[in-house]
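coords-v2.pdb follows; it contains PDB, C-alpha atoms.
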```pdb
MODEL        1
ATOM      1  CA  MET D 549      15.044  -9.019 -15.340
ATOM      2  CA  ALA D 550      14.949  -5.389 -16.367
ATOM      3  CA  SER D 551      12.192  -3.653 -18.293
ATOM      4  CA  ASP D 552      11.417  -0.217 -19.636
ATOM      5  CA  GLU D 553       9.592   0.497 -16.372
ATOM      6  CA  LEU D 554      12.535  -0.559 -14.188
ATOM      7  CA  LEU D 555      15.958   0.564 -15.365
ATOM      8  CA  VAL D 556      18.769  -1.613 -14.036
ATOM      9  CA  GLU D 557      22.395  -0.587 -14.434
ATOM     10  CA  GLN D 558      25.588  -1.672 -12.711
ATOM     11  CA  ILE D 559      28.068   1.174 -12.373
ATOM     12  CA  GLY D 560      31.259  -0.055 -10.791
ATOM     13  CA  LYS D 561      30.249  -1.790  -7.574
ATOM     14  CA  ILE D 562      26.812  -0.131  -7.404
ATOM     15  CA  LEU D 563      23.613  -1.589  -8.855
ATOM     16  CA  LYS D 564      21.244   1.266  -9.685
ATOM     17  CA  LEU D 565      17.528   0.488  -9.859
ATOM     18  CA  GLN D 566      15.290   3.248 -11.174
ATOM     19  CA  PHE D 567      11.513   3.195 -11.293
ATOM     20  CA  ASN D 568      10.710   4.534 -14.744
ATOM     21  CA  ARG D 569       6.986   5.003 -15.082
ATOM     22  CA  PRO D 570       6.682   8.778 -14.670
ATOM     23  CA  GLU D 571       3.324   9.039 -16.443
ATOM     24  CA  LYS D 572       1.869   6.930 -13.577
ATOM     25  CA  LYS D 573       4.025   8.522 -10.855
ATOM     26  CA  ASN D 574       6.121   5.350 -10.782
ATOM     27  CA  SER D 575       3.256   3.315  -9.324
ATOM     28  CA  LEU D 576       4.300  -0.323  -9.197
ATOM     29  CA  THR D 577       2.803  -3.162 -11.209
ATOM     30  CA  GLN D 578       3.162  -6.865 -10.526
ATOM     31  CA  ALA D 579       5.574  -7.065 -13.500
ATOM     32  CA  MET D 580       7.724  -4.317 -11.954
ATOM     33  CA  TYR D 581       7.778  -6.178  -8.650
ATOM     34  CA  ARG D 582       9.057  -9.287 -10.449
ATOM     35  CA  SER D 583      11.843  -7.239 -12.035
ATOM     36  CA  ILE D 584      12.848  -5.704  -8.699
ATOM     37  CA  ILE D 585      12.904  -9.101  -6.973
ATOM     38  CA  SER D 586      15.121 -10.490  -9.760
ATOM     39  CA  ALA D 587      17.462  -7.509  -9.412
ATOM     40  CA  PHE D 588      17.707  -7.969  -5.643
ATOM     41  CA  ASP D 589      18.480 -11.685  -6.079
ATOM     42  CA  ALA D 590      21.144 -10.895  -8.667
ATOM     43  CA  ALA D 591      22.731  -8.263  -6.430
ATOM     44  CA  ASP D 592      22.935 -10.568  -3.430
ATOM     45  CA  ALA D 593      24.462 -13.349  -5.548
ATOM     46  CA  ASP D 594      27.124 -11.150  -7.193
ATOM     47  CA  ASP D 595      30.176 -10.208  -5.129
ATOM     48  CA  SER D 596      31.048  -7.497  -7.643
ATOM     49  CA  ILE D 597      27.994  -5.572  -6.379
ATOM     50  CA  HIS D 598      28.576  -3.917  -3.016
ATOM     51  CA  CYS D 599      25.575  -1.602  -2.825
ATOM     52  CA  ILE D 600      22.109  -1.072  -4.322
ATOM     53  CA  LEU D 601      20.859   2.425  -5.180
ATOM     54  CA  LEU D 602      17.088   2.801  -5.451
ATOM     55  CA  GLN D 603      15.528   5.885  -7.033
ATOM     56  CA  GLY D 604      12.593   7.200  -9.032
ATOM     57  CA  THR D 605      12.398   9.743 -11.815
ATOM     58  CA  ARG D 606      13.008  13.474 -11.443
ATOM     59  CA  ASP D 607       9.439  14.293 -10.380
ATOM     60  CA  CYS D 608       8.486  11.321  -8.259
ATOM     61  CA  PHE D 609       9.877   8.444  -6.217
ATOM     62  CA  CYS D 610       6.909   6.054  -6.047
ATOM     63  CA  ALA D 611       3.173   6.675  -5.625
ATOM     64  CA  GLY D 612       2.520   3.152  -4.364
ATOM     65  CA  ASN D 613       0.776   0.324  -6.155
ATOM     66  CA  ASP D 614      -0.922   0.652  -9.501
ATOM     67  CA  LEU D 615      -4.394   0.037  -8.068
ATOM     68  CA  LYS D 616      -5.976  -1.237 -11.291
ATOM     69  CA  ASP D 617      -3.157  -3.722 -11.821
ATOM     70  CA  PHE D 618      -3.314  -4.611  -8.129
ATOM     71  CA  LEU D 619      -7.034  -5.468  -8.240
ATOM     72  CA  GLU D 620      -6.666  -7.530 -11.415
ATOM     73  CA  ALA D 621      -3.646  -9.547 -10.215
ATOM     74  CA  GLU D 622      -4.202 -13.271  -9.689
ATOM     75  CA  ASP D 623      -1.095 -13.598  -7.535
ATOM     76  CA  LEU D 624       0.160 -10.703  -5.414
ATOM     77  CA  VAL D 625       3.824 -10.522  -6.363
ATOM     78  CA  ALA D 626       3.844  -7.455  -4.094
ATOM     79  CA  ALA D 627       3.799  -9.879  -1.148
ATOM     80  CA  GLU D 628       6.960 -11.565  -2.448
ATOM     81  CA  PHE D 629       8.584  -8.144  -2.864
ATOM     82  CA  VAL D 630       7.814  -7.176   0.731
ATOM     83  CA  LYS D 631       9.429 -10.355   2.038
ATOM     84  CA  LYS D 632      12.399 -10.016  -0.308
ATOM     85  CA  ILE D 633      13.333  -6.399   0.466
ATOM     86  CA  SER D 634      13.290  -7.152   4.201
ATOM     87  CA  LYS D 635      15.993  -9.789   3.655
ATOM     88  CA  VAL D 636      18.309  -8.175   1.073
ATOM     89  CA  LYS D 637      21.889  -8.700   2.257
ATOM     90  CA  LYS D 638      23.551  -5.839   0.383
ATOM     91  CA  PRO D 639      23.069  -2.298   1.715
ATOM     92  CA  ILE D 640      20.362  -0.241   0.004
ATOM     93  CA  VAL D 641      20.580   3.521  -0.471
ATOM     94  CA  ALA D 642      17.398   5.342  -1.543
ATOM     95  CA  ALA D 643      17.122   8.701  -3.296
ATOM     96  CA  VAL D 644      13.597  10.049  -2.755
ATOM     97  CA  ASN D 645      11.787  12.971  -4.332
ATOM     98  CA  GLY D 646       8.168  13.975  -4.744
ATOM     99  CA  PRO D 647       5.551  11.459  -3.569
ATOM    100  CA  ALA D 648       6.487   8.356  -1.601
ATOM    101  CA  ILE D 649       3.069   6.854  -0.933
ATOM    102  CA  GLY D 650       2.015   3.497   0.498
ATOM    103  CA  VAL D 651       4.644   0.941  -0.451
ATOM    104  CA  GLY D 652       6.659   3.924  -1.711
ATOM    105  CA  THR D 653       7.170   4.722   1.971
ATOM    106  CA  THR D 654       7.117   1.269   3.551
ATOM    107  CA  MET D 655       9.879  -0.052   1.275
ATOM    108  CA  LEU D 656      12.111   2.675   2.705
ATOM    109  CA  LEU D 657      11.817   1.055   6.141
ATOM    110  CA  HIS D 658      14.105  -1.647   4.731
ATOM    111  CA  CYS D 659      16.638   0.693   3.144
ATOM    112  CA  ASP D 660      19.818   1.502   5.040
ATOM    113  CA  LEU D 661      20.446   5.116   4.020
ATOM    114  CA  ILE D 662      17.804   7.501   2.661
ATOM    115  CA  VAL D 663      18.337  10.897   1.055
ATOM    116  CA  ALA D 664      15.274  12.997   0.272
ATOM    117  CA  ALA D 665      14.743  16.090  -1.822
ATOM    118  CA  GLN D 666      13.063  19.035  -0.145
ATOM    119  CA  ASP D 667       9.889  18.399  -2.148
ATOM    120  CA  ALA D 668       9.589  14.776  -1.003
ATOM    121  CA  PHE D 669       6.649  13.720   1.119
ATOM    122  CA  PHE D 670       5.707  10.453   2.756
ATOM    123  CA  MET D 671       2.250   8.984   3.295
ATOM    124  CA  MET D 672       0.740   5.594   4.171
ATOM    125  CA  PRO D 673      -3.015   5.955   3.476
ATOM    126  CA  PHE D 674      -3.848   2.274   3.933
ATOM    127  CA  THR D 675      -6.964   2.784   6.047
ATOM    128  CA  ASP D 676      -8.366   5.227   3.464
ATOM    129  CA  LEU D 677      -8.320   2.313   1.011
ATOM    130  CA  GLY D 678      -9.922  -0.099   3.472
ATOM    131  CA  LEU D 679      -6.577  -1.843   3.957
ATOM    132  CA  CYS D 680      -3.948  -2.274   6.688
ATOM    133  CA  PRO D 681      -0.203  -1.559   6.822
ATOM    134  CA  GLU D 682       2.263  -3.850   5.075
ATOM    135  CA  ALA D 683       6.013  -4.451   4.772
ATOM    136  CA  GLY D 684       6.354  -4.650   8.547
ATOM    137  CA  ALA D 685       5.218  -1.041   9.028
ATOM    138  CA  SER D 686       2.910  -2.010  11.907
ATOM    139  CA  TYR D 687       6.006  -3.234  13.788
ATOM    140  CA  LEU D 688       8.755  -0.904  12.578
ATOM    141  CA  ILE D 689       6.922   2.451  12.730
ATOM    142  CA  PRO D 690       5.673   2.146  16.350
ATOM    143  CA  ARG D 691       9.078   0.826  17.380
ATOM    144  CA  ALA D 692      10.795   3.840  15.825
ATOM    145  CA  LEU D 693       8.300   6.580  16.707
ATOM    146  CA  GLY D 694       6.158   5.318  19.563
ATOM    147  CA  HIS D 695       2.499   4.334  19.433
ATOM    148  CA  CYS D 696       0.900   7.776  19.314
ATOM    149  CA  ARG D 697       2.967   9.178  16.461
ATOM    150  CA  ALA D 698       2.749   5.892  14.587
ATOM    151  CA  SER D 699      -1.051   6.107  14.837
ATOM    152  CA  GLU D 700      -0.988   9.459  13.027
ATOM    153  CA  LEU D 701       0.865   7.869  10.128
ATOM    154  CA  LEU D 702      -0.804   4.448  10.023
ATOM    155  CA  LEU D 703      -4.361   5.070  11.262
ATOM    156  CA  LEU D 704      -4.962   8.631  10.102
ATOM    157  CA  GLY D 705      -2.667   8.307   7.081
ATOM    158  CA  ASP D 706      -1.108  11.720   7.730
ATOM    159  CA  LYS D 707       1.289  13.117   5.133
ATOM    160  CA  ILE D 708       4.688  14.251   6.383
ATOM    161  CA  SER D 709       7.291  16.389   4.657
ATOM    162  CA  ALA D 710      10.940  15.541   4.131
ATOM    163  CA  ALA D 711      11.847  17.895   6.994
ATOM    164  CA  GLU D 712       9.403  16.117   9.326
ATOM    165  CA  ALA D 713      10.678  12.705   8.254
ATOM    166  CA  LEU D 714      14.214  13.847   9.050
ATOM    167  CA  ASP D 715      13.152  15.069  12.501
ATOM    168  CA  LEU D 716      11.486  11.712  13.157
ATOM    169  CA  GLY D 717      14.616   9.817  12.168
ATOM    170  CA  LEU D 718      12.959   8.095   9.190
ATOM    171  CA  ILE D 719      15.512   9.440   6.690
ATOM    172  CA  ASN D 720      19.168  10.535   6.817
ATOM    173  CA  LYS D 721      19.382  13.773   4.844
ATOM    174  CA  VAL D 722      17.289  16.423   3.110
ATOM    175  CA  CYS D 723      18.823  18.116   0.068
ATOM    176  CA  SER D 724      17.757  20.358  -2.757
ATOM    177  CA  ALA D 725      16.058  18.846  -5.796
ATOM    178  CA  GLU D 726      19.269  19.492  -7.704
ATOM    179  CA  ASP D 727      21.504  17.699  -5.194
ATOM    180  CA  TYR D 728      19.606  14.775  -3.649
ATOM    181  CA  GLN D 729      20.619  12.211  -6.287
ATOM    182  CA  ASN D 730      24.269  13.266  -6.126
ATOM    183  CA  VAL D 731      24.298  13.004  -2.337
ATOM    184  CA  ALA D 732      22.695   9.556  -2.468
ATOM    185  CA  TRP D 733      25.215   8.485  -5.091
ATOM    186  CA  GLU D 734      28.088   9.676  -2.920
ATOM    187  CA  MET D 735      26.714   7.650   0.005
ATOM    188  CA  ALA D 736      26.442   4.583  -2.213
ATOM    189  CA  GLN D 737      30.017   5.084  -3.388
ATOM    190  CA  ARG D 738      31.251   5.331   0.191
ATOM    191  CA  LEU D 739      29.526   2.046   1.048
ATOM    192  CA  ALA D 740      30.753   0.391  -2.148
ATOM    193  CA  GLY D 741      34.328   1.347  -1.293
ATOM    194  CA  LYS D 742      34.310  -0.532   2.009
ATOM    195  CA  PRO D 743      35.096  -4.242   2.483
ATOM    196  CA  LEU D 744      31.929  -6.042   1.376
ATOM    197  CA  GLU D 745      31.838  -8.713   4.071
ATOM    198  CA  ALA D 746      32.246  -6.164   6.851
ATOM    199  CA  VAL D 747      29.340  -4.091   5.544
ATOM    200  CA  MET D 748      27.083  -7.110   5.030
ATOM    201  CA  VAL D 749      27.851  -8.558   8.459
ATOM    202  CA  SER D 750      27.269  -5.186  10.113
ATOM    203  CA  LYS D 751      23.907  -4.821   8.351
ATOM    204  CA  ALA D 752      22.931  -8.370   9.289
ATOM    205  CA  LEU D 753      23.806  -7.783  12.939
ATOM    206  CA  MET D 754      21.749  -4.585  13.110
ATOM    207  CA  ARG D 755      18.779  -6.154  11.378
ATOM    208  CA  GLY D 756      19.100  -9.608  12.909
ATOM    209  CA  GLN D 757      18.078  -8.573  16.401
ATOM    210  CA  ASN D 758      14.544  -7.914  15.176
ATOM    211  CA  GLU D 759      14.289 -10.403  12.334
ATOM    212  CA  PRO D 760      11.935 -12.936  13.999
ATOM    213  CA  GLN D 761       9.508 -10.227  15.141
ATOM    214  CA  LEU D 762       9.670  -8.457  11.792
ATOM    215  CA  GLU D 763       9.021 -11.642   9.828
ATOM    216  CA  GLN D 764       6.072 -12.437  12.091
ATOM    217  CA  ALA D 765       4.669  -8.921  11.592
ATOM    218  CA  ILE D 766       5.063  -9.082   7.795
ATOM    219  CA  ASN D 767       3.284 -12.430   7.598
ATOM    220  CA  ALA D 768       0.449 -11.263   9.872
ATOM    221  CA  GLU D 769       0.041  -8.067   7.840
ATOM    222  CA  LEU D 770      -0.064  -9.959   4.553
ATOM    223  CA  GLU D 771      -2.751 -12.313   5.837
ATOM    224  CA  LYS D 772      -4.956  -9.427   7.013
ATOM    225  CA  PHE D 773      -4.128  -7.311   3.946
ATOM    226  CA  GLU D 774      -5.319 -10.020   1.557
ATOM    227  CA  GLN D 775      -8.499 -10.519   3.599
ATOM    228  CA  LEU D 776      -9.248  -6.801   3.577
ATOM    229  CA  LEU D 777      -8.441  -6.508  -0.134
ATOM    230  CA  ARG D 778     -11.318  -8.897  -0.854
ATOM    231  CA  SER D 779     -13.742  -6.868   1.280
ATOM    232  CA  ASP D 780     -16.507  -4.696  -0.162
ATOM    233  CA  ALA D 781     -15.152  -1.673   1.729
ATOM    234  CA  ALA D 782     -11.728  -1.936   0.114
ATOM    235  CA  ARG D 783     -13.136  -2.606  -3.353
ATOM    236  CA  GLU D 784     -15.412   0.412  -3.080
ATOM    237  CA  ALA D 785     -12.632   2.674  -1.743
ATOM    238  CA  ILE D 786     -10.226   1.633  -4.473
ATOM    239  CA  SER D 787     -12.895   1.973  -7.152
ATOM    240  CA  ARG D 788     -13.532   5.544  -6.000
ATOM    241  CA  MET D 789      -9.816   6.265  -6.284
ATOM    242  CA  LEU D 790      -9.795   4.899  -9.819
ATOM    243  CA  ALA D 791     -12.911   6.787 -10.928
TER     244      ALA D 791
ENDMDL
END
```
Do you think you could lay out the structure here as structure tokens?
Amino acid sequence: MASDELLVEQIGKILKLQFNRPEKKNSLTQAMYRSIISAFDAADADDSIHCILLQGTRDCFCAGNDLKDFLEAEDLVAAEFVKKISKVKKPIVAAVNGPAIGVGTTMLLHCDLIVAAQDAFFMMPFTDLGLCPEAGASYLIPRALGHCRASELLLLGDKISAAEALDLGLINKVCSAEDYQNVAWEMAQRLAGKPLEAVMVSKALMRGQNEPQLEQAINAELEKFEQLLRSDAAREAISRMLA
């Protein structure tokens, strides 16, 4: 289910998904989450699709959740999205530029190859909003970086540049703003040109070793996240952000 705010296009064996809400820095609404989930389901069910390419607009990847929409939502489709992206069978390549904030960063933990423009930056300011990490970040980030460095990103909410993210092993390449989409596209084409079953099995084997722990972490995060979202501290912090 595509919309004006999520552009969906199959080009050969690649399904390109583009956040298209530049006036709001591609912040995600519950309706956008539904469209992304539908696109992921369609990609996994269609053998003509070998790879998913995820990108934003020219100035921004994704500034996280649309906070107003998030507070007004009766059902958090974002929770379904988090579970879905962690289980997508097809490889996902991400092309990142500008801000990647909150879920704009945590969704990348479930992508397989990530190319960033030099102006990209990554930030998970959950505690500033009175919230906790999501999308398995509390498990995946410490596992990748160690406890102390993970605390800088998840407790302090420190912002890191594309160069720092590359040094930490969170992304694959840093390119110029003119080249990052082309490089990501070339990676997607390389994946799409390989035997599909071999790629999917290889991804499943790499991810499968940690699947039970990751699923447990995601569920625990979602439970605490929803509790904190109802707290006065979170409501006040988010209201200040919206003011």
Non-local contacts of Ala692 of chain D (9 Å; all atoms listed in the file; under 2 positions in same chain excluded) as a VMD selection string:
chain D and resid 687 to 690 694 698 716 to 718
Pull out every residue that the PyMOL selection byres ((chain D and resi 578) around 12) matches in the shown coordinates and put them as an MDAnalysis selection string.
chainID D and resid 553:554 575:577 579:585 612:629
Store the residues picked out above in a file with C-alpha atoms, as a CSV table (one decimal), keeping the file's coordinate frame.
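Result file out-v3.csv:
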```
chain,number,residue,atom,x,y,z
D,553,GLU,CA,9.6,0.5,-16.4
D,554,LEU,CA,12.5,-0.6,-14.2
D,575,SER,CA,3.3,3.3,-9.3
D,576,LEU,CA,4.3,-0.3,-9.2
D,577,THR,CA,2.8,-3.2,-11.2
D,579,ALA,CA,5.6,-7.1,-13.5
D,580,MET,CA,7.7,-4.3,-12.0
D,581,TYR,CA,7.8,-6.2,-8.6
D,582,ARG,CA,9.1,-9.3,-10.4
D,583,SER,CA,11.8,-7.2,-12.0
D,584,ILE,CA,12.8,-5.7,-8.7
D,585,ILE,CA,12.9,-9.1,-7.0
D,612,GLY,CA,2.5,3.2,-4.4
D,613,ASN,CA,0.8,0.3,-6.2
D,614,ASP,CA,-0.9,0.7,-9.5
D,615,LEU,CA,-4.4,0.0,-8.1
D,616,LYS,CA,-6.0,-1.2,-11.3
D,617,ASP,CA,-3.2,-3.7,-11.8
D,618,PHE,CA,-3.3,-4.6,-8.1
D,619,LEU,CA,-7.0,-5.5,-8.2
D,620,GLU,CA,-6.7,-7.5,-11.4
D,621,ALA,CA,-3.6,-9.5,-10.2
D,622,GLU,CA,-4.2,-13.3,-9.7
D,623,ASP,CA,-1.1,-13.6,-7.5
D,624,LEU,CA,0.2,-10.7,-5.4
D,625,VAL,CA,3.8,-10.5,-6.4
D,626,ALA,CA,3.8,-7.5,-4.1
D,627,ALA,CA,3.8,-9.9,-1.1
D,628,GLU,CA,7.0,-11.6,-2.4
D,629,PHE,CA,8.6,-8.1,-2.9
```
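Atom pair atom CA of Glu557 of chain D / atom CA of Ile766 of chain D: separated by 29.4 Å.
This file, queried with the PyMOL selection byres ((chain D and resi 767) around 10), gives the residues Ala627, Val630, Lys631, Glu682, Ala683, Gly684, Leu762, Glu763, Gln764, Ala765, Ile766, Ala768, Glu769, Leu770, Glu771, Lys772 and Phe773 of chain D.
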Go through the shown structure with the PyMOL selection byres ((chain D and resi 568) around 9) and write out the matching residues as number ranges by chain.
D: 552-555, 566-567, 569-571, 573-574, 604-605
